[in-house]
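Since the structure comes first, as structure tokens, the remarks are kept for the end.
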Amino acid sequence: MKGRGLLIYAVLYLIFLYAPIILLPLFAFNSSTIIAFPLEGFTFDWFVQLREVEALHDAVRNSLFIAVLTAVFSTILGICAARASTRYVFPAKAGIMGMIMLPLVLPEIIVAVSLLVVVVQILDFPLSAWTVIAAHTLICTPFCIAVLNSSFQNLDASLEEAAIDLGETRFSTFRLVTLPLVMPGVIASLLISFTISLDEFIIAFFLTGSEPTLPVYIWSLLRFPRMQPIIMALGTILVVLSIVLLIVAEYARRRGVAKAGKADTGGFL
Amino acid sequence: MTDPNRRQIISLRDVQKHYGSYHALRGITMDIAEGEFFSLLGPSGCGKTTLLRTIAGFEDVSSGHVLLDGRDMEGVPANKRPTNMVFQSYAIFPHLSVAQNVGFGLRKRSDLDKSAKSALIAEALGMVGLDGYGDRSAQALSGGQRQRVALARALILKPKVLLLDEPLSALDKKLREQMQTELRRLQRHVGITFILVTHDQEEALIMSDRIAVMFEGQIAQLASPQELYRRPVTQQVANFIGVMNFLPVEISMGQGGSIDLDIAGLGRTTIDSAQCPGAIRPGLGQAGLRPETMTLLVDGEDADGHLAEGQVEELAYYGDMTYYDVLLDGATVPVTISMKNLTGRQVLDRGARARVAWDPRALVVFAE
């Protein structure tokens, strides 16, 4: 039967996709230090131990700092680009927008290596959290533009004209009308860029200075088998956190679509 | 035409607008009086909306002058002009309540305290028949209610001119007709100059004191509704306002300013030169007649004056009216004749012979 074949395919696909992620919490709560079946017993030890690794805390702080600033910078840039691309006609618009969106498909390793060359060899900057923030902003901005574009497209241009007509300036119009109406998109953009920056590895690995980000730190832990269950516990927390953030982002986007009174044309997720 | 004692609130002087190589407004010059209900009428792309947006300050003029209440508006941005606009989409702020929408323009009025503002908002809502709607969410409103909120929001600032960009096009037919009368009444009540952009000739005729008919960035005719309907200055205007039949005519000059005509299907007649709006010269032309100025006679009926004969080619029965296409003997294209279906009046069949009574005073003649 054709339907059954497709169903089996779909189920296998989902298992392939999610089984590894389900293994994370499985081993995170397993009392054995060795990551292998059969499972031994249930424990919270690994989560407790997480609290005692000082270097890990530094890495988390470092990552959060980078992710928050990346989210803010790339969302601000995204707002400017999305507004420009939906409101104005200017020469070579399609070409410019295409180039801005290109980092979406550019291999990160290329971006990482070329940025390293630029920062260290040409600009002679010391590597630090700020170099990572700059690079993350570069790769996150296209995602922000994609999310914000739909918000700005759903915004009737005559709403801004109406506000100006009623005596507001361009700036107060942006504050009173534009921003509140695209706010759900802004929130979604902040959350998505925050998430991307938080778990980005390649660029952070190349550009981070003496203070590693969380993914870089986790990678360094893999050399110590003793630490592996702790990584599983940490991974579990990160998975839960990511899912929560993405749900909030999608909720914000849908609310925005409903607020603008438009039909949902499918979002970023 | 216009009362000379009335103050001109808007004066346009040779207003030109170019978009790159596209010439959107080609020298618009006109005056609009204080308290007038004025319509800009024309097909889409004729420049009527561009002209409205130029007055509002959303578009710059390429050359020429826009004067509002005697003051040149050059360099004055939209938020500093004494005009307010009702947008085609109404542009109701969806994140604000009805009262917040209506009171939006009062935000900058530091001379008013909170209670004075609420009183103004309540008054504006009452004016458009939305008493007690202030606390509702703007999203919960119907199309007609949004229209009213947009009106109240624009009128609360007591602008010198209210600009309306196709405000009724999004409403269904019944509601549109209701809003037409209501808008007209509201305009008389507030006494503010209204400038309405529309492509609907009927709407323009019903509502306006004067109408400017626009084609391709130029004003083809500026006149009162009656003048426009009875004496269109070009065939293009005649075709755009209502229905007009055109029959080929041979024009020759008569005595004492009169003009002799030989009209295909209608025969010979003499008219006054005032019935020829354009330059008239001997030769070929087109004679225009409105469908309702001709009468289809049924058996036993007779009429004084001019008669013509023909055959009913097609008819459309509308209940209150019947529209006949009659091919007059000696003509090549049928004319449309509208007849009221009065009690007892017979509706002719397709193919029937028809006698048509017509009046030379209703003729409008265009030289070719």
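Chain identifiers are assigned as A, B, and so on, following the order in which chains appear in the structure tokens; residues are numbered from 1 within each chain, and ligands are numbered from 1 in order of appearance.
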Practice problem: Would you give me, as a list in words, the residues of chain B that come within 7 Å of chain A, using only C-alpha atoms? | Solution: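 Close enough to count are Ala78, Asn79, Lys80, Asn84, Met85, Ala91, Ile92, Phe93, Pro94, His95 and Gly105 of chain B.
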Keeping only N, CA and C atoms, write the selected residues as a PDB file, in the first residue's frame.
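The resulting file, out-v6.pdb, is shown below:
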ATOM      1  N   ALA B  78       4.368  66.999   5.008  1.00  0.00           N
ATOM      2  CA  ALA B  78       2.980  66.583   5.215  1.00  0.00           C
ATOM      3  C   ALA B  78       2.515  66.830   6.645  1.00  0.00           C
ATOM      4  N   ASN B  79       3.403  66.651   7.615  1.00  0.00           N
ATOM      5  CA  ASN B  79       2.966  66.789   9.014  1.00  0.00           C
ATOM      6  C   ASN B  79       2.811  68.247   9.441  1.00  0.00           C
ATOM      7  N   LYS B  80       3.174  69.183   8.554  1.00  0.00           N
ATOM      8  CA  LYS B  80       3.026  70.600   8.895  1.00  0.00           C
ATOM      9  C   LYS B  80       1.954  71.270   8.031  1.00  0.00           C
ATOM     10  N   ASN B  84      -5.673  66.951   6.162  1.00  0.00           N
ATOM     11  CA  ASN B  84      -5.655  65.594   6.694  1.00  0.00           C
ATOM     12  C   ASN B  84      -6.265  64.673   5.663  1.00  0.00           C
ATOM     13  N   MET B  85      -5.903  63.395   5.771  1.00  0.00           N
ATOM     14  CA  MET B  85      -6.225  62.473   4.697  1.00  0.00           C
ATOM     15  C   MET B  85      -6.972  61.259   5.236  1.00  0.00           C
ATOM     16  N   ALA B  91      -6.092  52.889   6.883  1.00  0.00           N
ATOM     17  CA  ALA B  91      -4.892  53.024   7.715  1.00  0.00           C
ATOM     18  C   ALA B  91      -5.225  53.222   9.182  1.00  0.00           C
ATOM     19  N   ILE B  92      -6.151  52.422   9.702  1.00  0.00           N
ATOM     20  CA  ILE B  92      -6.457  52.436  11.132  1.00  0.00           C
ATOM     21  C   ILE B  92      -5.328  51.708  11.856  1.00  0.00           C
ATOM     22  N   PHE B  93      -4.782  52.326  12.918  1.00  0.00           N
ATOM     23  CA  PHE B  93      -3.679  51.694  13.645  1.00  0.00           C
ATOM     24  C   PHE B  93      -4.211  50.477  14.392  1.00  0.00           C
ATOM     25  N   PRO B  94      -3.786  49.277  14.011  1.00  0.00           N
ATOM     26  CA  PRO B  94      -4.415  48.071  14.573  1.00  0.00           C
ATOM     27  C   PRO B  94      -4.047  47.832  16.041  1.00  0.00           C
ATOM     28  N   HIS B  95      -2.948  48.450  16.513  1.00  0.00           N
ATOM     29  CA  HIS B  95      -2.531  48.188  17.888  1.00  0.00           C
ATOM     30  C   HIS B  95      -3.151  49.166  18.884  1.00  0.00           C
ATOM     31  N   GLY B 105      -3.945  62.368  16.501  1.00  0.00           N
ATOM     32  CA  GLY B 105      -3.430  63.662  16.074  1.00  0.00           C
ATOM     33  C   GLY B 105      -3.401  64.708  17.180  1.00  0.00           C
TER      34      GLY B 105
END
Practice problem: Give me the residues within 9 Å of Phe194 of chain A as a VMD selection string, counting only C-alpha atoms and dropping any in the same chain fewer than 3 places off. | Solution: chain A and resid 64 66 to 72 140 189 to 191 197 to 199
Quiz prompt | Who sits within 9 Å of Phe104 of chain B, only C-alpha atoms, same chain under 2 positions skipped, as a list in words | solution =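 Contacts, with the query itself left out: Ala163, Leu166 and Gly167 of chain A; Ala99, Gln100, Asn101, Val102, Leu106, Arg107, Lys108 and Arg153 of chain B.
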Determine, counting only C-alpha atoms, which protein, DNA and RNA residues have an atom within 12 Å of an atom of Thr75 of chain A; residues of the same chain fewer than 4 positions away are not included. Present the result as a PDB file with N, CA and C atoms, in the first residue's frame.
ATOM      1  N   ALA A  67      26.189  36.230  22.645  1.00  0.00           N
ATOM      2  CA  ALA A  67      24.894  35.976  22.006  1.00  0.00           C
ATOM      3  C   ALA A  67      23.951  37.167  22.158  1.00  0.00           C
ATOM      4  N   VAL A  68      23.951  37.783  23.348  1.00  0.00           N
ATOM      5  CA  VAL A  68      23.044  38.915  23.572  1.00  0.00           C
ATOM      6  C   VAL A  68      23.429  40.080  22.666  1.00  0.00           C
ATOM      7  N   LEU A  69      24.718  40.415  22.640  1.00  0.00           N
ATOM      8  CA  LEU A  69      25.133  41.546  21.814  1.00  0.00           C
ATOM      9  C   LEU A  69      24.953  41.251  20.329  1.00  0.00           C
ATOM     10  N   THR A  70      25.239  40.005  19.937  1.00  0.00           N
ATOM     11  CA  THR A  70      25.034  39.624  18.536  1.00  0.00           C
ATOM     12  C   THR A  70      23.562  39.800  18.162  1.00  0.00           C
ATOM     13  N   ALA A  71      22.679  39.344  19.054  1.00  0.00           N
ATOM     14  CA  ALA A  71      21.241  39.445  18.772  1.00  0.00           C
ATOM     15  C   ALA A  71      20.840  40.899  18.598  1.00  0.00           C
ATOM     16  N   ILE A  79      16.603  45.307  10.982  1.00  0.00           N
ATOM     17  CA  ILE A  79      15.481  46.251  10.890  1.00  0.00           C
ATOM     18  C   ILE A  79      15.754  47.266   9.778  1.00  0.00           C
ATOM     19  N   CYS A  80      16.978  47.805   9.771  1.00  0.00           N
ATOM     20  CA  CYS A  80      17.319  48.800   8.745  1.00  0.00           C
ATOM     21  C   CYS A  80      17.202  48.200   7.345  1.00  0.00           C
ATOM     22  N   ALA A  81      17.772  46.994   7.174  1.00  0.00           N
ATOM     23  CA  ALA A  81      17.779  46.383   5.842  1.00  0.00           C
ATOM     24  C   ALA A  81      16.365  45.997   5.412  1.00  0.00           C
ATOM     25  N   ALA A  82      15.573  45.421   6.346  1.00  0.00           N
ATOM     26  CA  ALA A  82      14.232  44.960   5.982  1.00  0.00           C
ATOM     27  C   ALA A  82      13.346  46.147   5.630  1.00  0.00           C
ATOM     28  N   ARG A  83      13.493  47.240   6.366  1.00  0.00           N
ATOM     29  CA  ARG A  83      12.689  48.416   6.074  1.00  0.00           C
ATOM     30  C   ARG A  83      13.060  49.005   4.719  1.00  0.00           C
ATOM     31  N   HIS A 136      29.691  36.868  14.343  1.00  0.00           N
ATOM     32  CA  HIS A 136      28.346  36.323  14.527  1.00  0.00           C
ATOM     33  C   HIS A 136      27.274  37.267  13.992  1.00  0.00           C
ATOM     34  N   THR A 137      27.501  38.564  14.176  1.00  0.00           N
ATOM     35  CA  THR A 137      26.562  39.534  13.634  1.00  0.00           C
ATOM     36  C   THR A 137      26.479  39.382  12.119  1.00  0.00           C
ATOM     37  N   LEU A 138      27.634  39.155  11.517  1.00  0.00           N
ATOM     38  CA  LEU A 138      27.685  38.971  10.065  1.00  0.00           C
ATOM     39  C   LEU A 138      26.818  37.789   9.620  1.00  0.00           C
ATOM     40  N   ILE A 139      26.928  36.651  10.326  1.00  0.00           N
ATOM     41  CA  ILE A 139      26.169  35.483   9.859  1.00  0.00           C
ATOM     42  C   ILE A 139      24.714  35.507  10.331  1.00  0.00           C
ATOM     43  N   CYS A 140      24.413  36.233  11.411  1.00  0.00           N
ATOM     44  CA  CYS A 140      23.034  36.253  11.929  1.00  0.00           C
ATOM     45  C   CYS A 140      22.147  37.251  11.182  1.00  0.00           C
ATOM     46  N   THR A 141      22.750  38.340  10.694  1.00  0.00           N
ATOM     47  CA  THR A 141      21.944  39.389  10.066  1.00  0.00           C
ATOM     48  C   THR A 141      21.016  38.860   8.956  1.00  0.00           C
ATOM     49  N   PRO A 142      21.496  37.979   8.054  1.00  0.00           N
ATOM     50  CA  PRO A 142      20.563  37.480   7.025  1.00  0.00           C
ATOM     51  C   PRO A 142      19.332  36.784   7.614  1.00  0.00           C
ATOM     52  N   PHE A 143      19.533  36.047   8.713  1.00  0.00           N
ATOM     53  CA  PHE A 143      18.382  35.383   9.338  1.00  0.00           C
ATOM     54  C   PHE A 143      17.410  36.440   9.883  1.00  0.00           C
ATOM     55  N   CYS A 144      17.979  37.476  10.495  1.00  0.00           N
ATOM     56  CA  CYS A 144      17.135  38.553  11.047  1.00  0.00           C
ATOM     57  C   CYS A 144      16.349  39.232   9.920  1.00  0.00           C
ATOM     58  N   ILE A 145      17.031  39.471   8.800  1.00  0.00           N
ATOM     59  CA  ILE A 145      16.357  40.133   7.681  1.00  0.00           C
ATOM     60  C   ILE A 145      15.206  39.264   7.180  1.00  0.00           C
ATOM     61  N   ALA A 146      15.463  37.945   7.088  1.00  0.00           N
ATOM     62  CA  ALA A 146      14.419  37.041   6.609  1.00  0.00           C
ATOM     63  C   ALA A 146      13.185  37.109   7.503  1.00  0.00           C
ATOM     64  N   VAL A 147      13.418  37.120   8.815  1.00  0.00           N
ATOM     65  CA  VAL A 147      12.290  37.179   9.756  1.00  0.00           C
ATOM     66  C   VAL A 147      11.603  38.544   9.681  1.00  0.00           C
ATOM     67  N   LEU A 148      12.397  39.628   9.676  1.00  0.00           N
ATOM     68  CA  LEU A 148      11.835  40.977   9.747  1.00  0.00           C
ATOM     69  C   LEU A 148      11.168  41.400   8.439  1.00  0.00           C
ATOM     70  N   ASN A 149      11.684  40.873   7.323  1.00  0.00           N
ATOM     71  CA  ASN A 149      11.088  41.196   6.024  1.00  0.00           C
ATOM     72  C   ASN A 149       9.591  40.917   6.016  1.00  0.00           C
ATOM     73  N   VAL A 182       5.815  45.973  14.267  1.00  0.00           N
ATOM     74  CA  VAL A 182       6.768  44.937  13.851  1.00  0.00           C
ATOM     75  C   VAL A 182       7.428  44.286  15.069  1.00  0.00           C
ATOM     76  N   MET A 183       7.022  44.709  16.291  1.00  0.00           N
ATOM     77  CA  MET A 183       7.674  44.212  17.500  1.00  0.00           C
ATOM     78  C   MET A 183       7.718  42.679  17.593  1.00  0.00           C
ATOM     79  N   GLY A 185       8.004  40.581  15.262  1.00  0.00           N
ATOM     80  CA  GLY A 185       9.085  40.176  14.367  1.00  0.00           C
ATOM     81  C   GLY A 185      10.438  40.501  14.969  1.00  0.00           C
ATOM     82  N   VAL A 186      10.533  41.629  15.652  1.00  0.00           N
ATOM     83  CA  VAL A 186      11.788  42.011  16.298  1.00  0.00           C
ATOM     84  C   VAL A 186      12.146  40.996  17.382  1.00  0.00           C
ATOM     85  N   ILE A 187      11.144  40.594  18.153  1.00  0.00           N
ATOM     86  CA  ILE A 187      11.396  39.608  19.213  1.00  0.00           C
ATOM     87  C   ILE A 187      11.845  38.284  18.609  1.00  0.00           C
ATOM     88  N   ALA A 188      11.151  37.867  17.551  1.00  0.00           N
ATOM     89  CA  ALA A 188      11.532  36.619  16.885  1.00  0.00           C
ATOM     90  C   ALA A 188      12.961  36.719  16.364  1.00  0.00           C
ATOM     91  N   SER A 189      13.290  37.858  15.801  1.00  0.00           N
ATOM     92  CA  SER A 189      14.630  38.058  15.257  1.00  0.00           C
ATOM     93  C   SER A 189      15.688  38.002  16.355  1.00  0.00           C
ATOM     94  N   LEU A 190      15.405  38.635  17.492  1.00  0.00           N
ATOM     95  CA  LEU A 190      16.339  38.612  18.618  1.00  0.00           C
ATOM     96  C   LEU A 190      16.576  37.181  19.088  1.00  0.00           C
ATOM     97  N   LEU A 191      15.490  36.430  19.208  1.00  0.00           N
ATOM     98  CA  LEU A 191      15.605  35.071  19.733  1.00  0.00           C
ATOM     99  C   LEU A 191      16.361  34.166  18.771  1.00  0.00           C
ATOM    100  N   ILE A 192      16.080  34.311  17.493  1.00  0.00           N
ATOM    101  CA  ILE A 192      16.730  33.431  16.520  1.00  0.00           C
ATOM    102  C   ILE A 192      18.222  33.733  16.435  1.00  0.00           C
ATOM    103  N   SER A 193      18.582  35.019  16.386  1.00  0.00           N
ATOM    104  CA  SER A 193      20.010  35.341  16.291  1.00  0.00           C
ATOM    105  C   SER A 193      20.730  34.969  17.595  1.00  0.00           C
ATOM    106  N   PHE A 194      20.036  35.121  18.725  1.00  0.00           N
ATOM    107  CA  PHE A 194      20.619  34.721  20.003  1.00  0.00           C
ATOM    108  C   PHE A 194      20.946  33.225  19.978  1.00  0.00           C
TER     109      PHE A 194
END
Practice problem: Quick one: everything within 7 Å of Pro25 of chain A, counting only C-alpha atoms, minus sequence neighbours fewer than 6 positions away in the same chain. Send it as an MDAnalysis selection string. | Solution: chainID A and resid 232:233 236
Self-check item: Backbone DSSP call of helix (DSSP H, G or I) for segment 85-261 of chain B, listed as a PyMOL selection string
Solution: chain B and resi 98-102+104-106+114-127+138-140+143-155+173-190+201-207+225-230+235-240
Practice problem: In Å, rounded to a single decimal, give me how far atom CA of Asn341 of chain B is from atom CA of Gly300 of chain B. | Solution: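 It comes out at 17.0 Å.
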Self-check item: Members of segment 163-267 of chain B assigned strand (DSSP E) by DSSP, as a VMD selection string
Solution: chain B and resid 163 to 165 193 to 198 210 to 215 218 to 223 245 to 253 258 to 263 267
File dump, residues just selected, C-alpha atoms, as a PDB file, in the first residue's frame:
ATOM      1  CA  LEU B 163      -8.426  64.714   1.395  1.00  0.00           C
ATOM      2  CA  LEU B 164     -10.215  61.454   0.637  1.00  0.00           C
ATOM      3  CA  ASP B 165      -8.457  58.832  -1.471  1.00  0.00           C
ATOM      4  CA  THR B 193     -13.377  71.649   2.013  1.00  0.00           C
ATOM      5  CA  PHE B 194     -13.441  67.991   0.944  1.00  0.00           C
ATOM      6  CA  ILE B 195     -11.380  66.762  -1.990  1.00  0.00           C
ATOM      7  CA  LEU B 196     -12.436  63.314  -3.078  1.00  0.00           C
ATOM      8  CA  VAL B 197     -10.506  61.079  -5.460  1.00  0.00           C
ATOM      9  CA  THR B 198     -12.671  58.555  -7.257  1.00  0.00           C
ATOM     10  CA  ARG B 210     -17.644  70.543  -8.707  1.00  0.00           C
ATOM     11  CA  ILE B 211     -15.719  67.825 -10.487  1.00  0.00           C
ATOM     12  CA  ALA B 212     -12.393  67.887 -12.281  1.00  0.00           C
ATOM     13  CA  VAL B 213     -12.244  65.106 -14.866  1.00  0.00           C
ATOM     14  CA  MET B 214      -8.653  64.008 -15.430  1.00  0.00           C
ATOM     15  CA  PHE B 215      -7.066  62.073 -18.254  1.00  0.00           C
ATOM     16  CA  GLN B 218      -4.342  66.775 -17.342  1.00  0.00           C
ATOM     17  CA  ILE B 219      -7.718  68.231 -16.449  1.00  0.00           C
ATOM     18  CA  ALA B 220     -10.092  67.578 -19.336  1.00  0.00           C
ATOM     19  CA  GLN B 221     -13.014  69.469 -17.810  1.00  0.00           C
ATOM     20  CA  LEU B 222     -13.767  71.215 -14.542  1.00  0.00           C
ATOM     21  CA  ALA B 223     -17.453  71.849 -13.990  1.00  0.00           C
ATOM     22  CA  ASN B 245     -24.548  57.673 -28.140  1.00  0.00           C
ATOM     23  CA  PHE B 246     -22.501  59.037 -31.015  1.00  0.00           C
ATOM     24  CA  LEU B 247     -23.794  59.347 -34.571  1.00  0.00           C
ATOM     25  CA  PRO B 248     -21.810  60.646 -37.542  1.00  0.00           C
ATOM     26  CA  VAL B 249     -22.940  64.137 -38.541  1.00  0.00           C
ATOM     27  CA  GLU B 250     -22.328  66.560 -41.378  1.00  0.00           C
ATOM     28  CA  ILE B 251     -21.946  70.113 -40.049  1.00  0.00           C
ATOM     29  CA  SER B 252     -22.622  73.265 -42.016  1.00  0.00           C
ATOM     30  CA  MET B 253     -22.866  76.843 -40.774  1.00  0.00           C
ATOM     31  CA  SER B 258     -27.025  78.593 -35.732  1.00  0.00           C
ATOM     32  CA  ILE B 259     -25.609  75.369 -37.059  1.00  0.00           C
ATOM     33  CA  ASP B 260     -27.198  73.032 -39.576  1.00  0.00           C
ATOM     34  CA  LEU B 261     -26.721  69.316 -39.054  1.00  0.00           C
ATOM     35  CA  ASP B 262     -27.377  66.214 -41.106  1.00  0.00           C
ATOM     36  CA  ILE B 263     -27.204  63.329 -38.646  1.00  0.00           C
ATOM     37  CA  GLY B 267     -32.000  63.467 -40.334  1.00  0.00           C
TER      38      GLY B 267
END
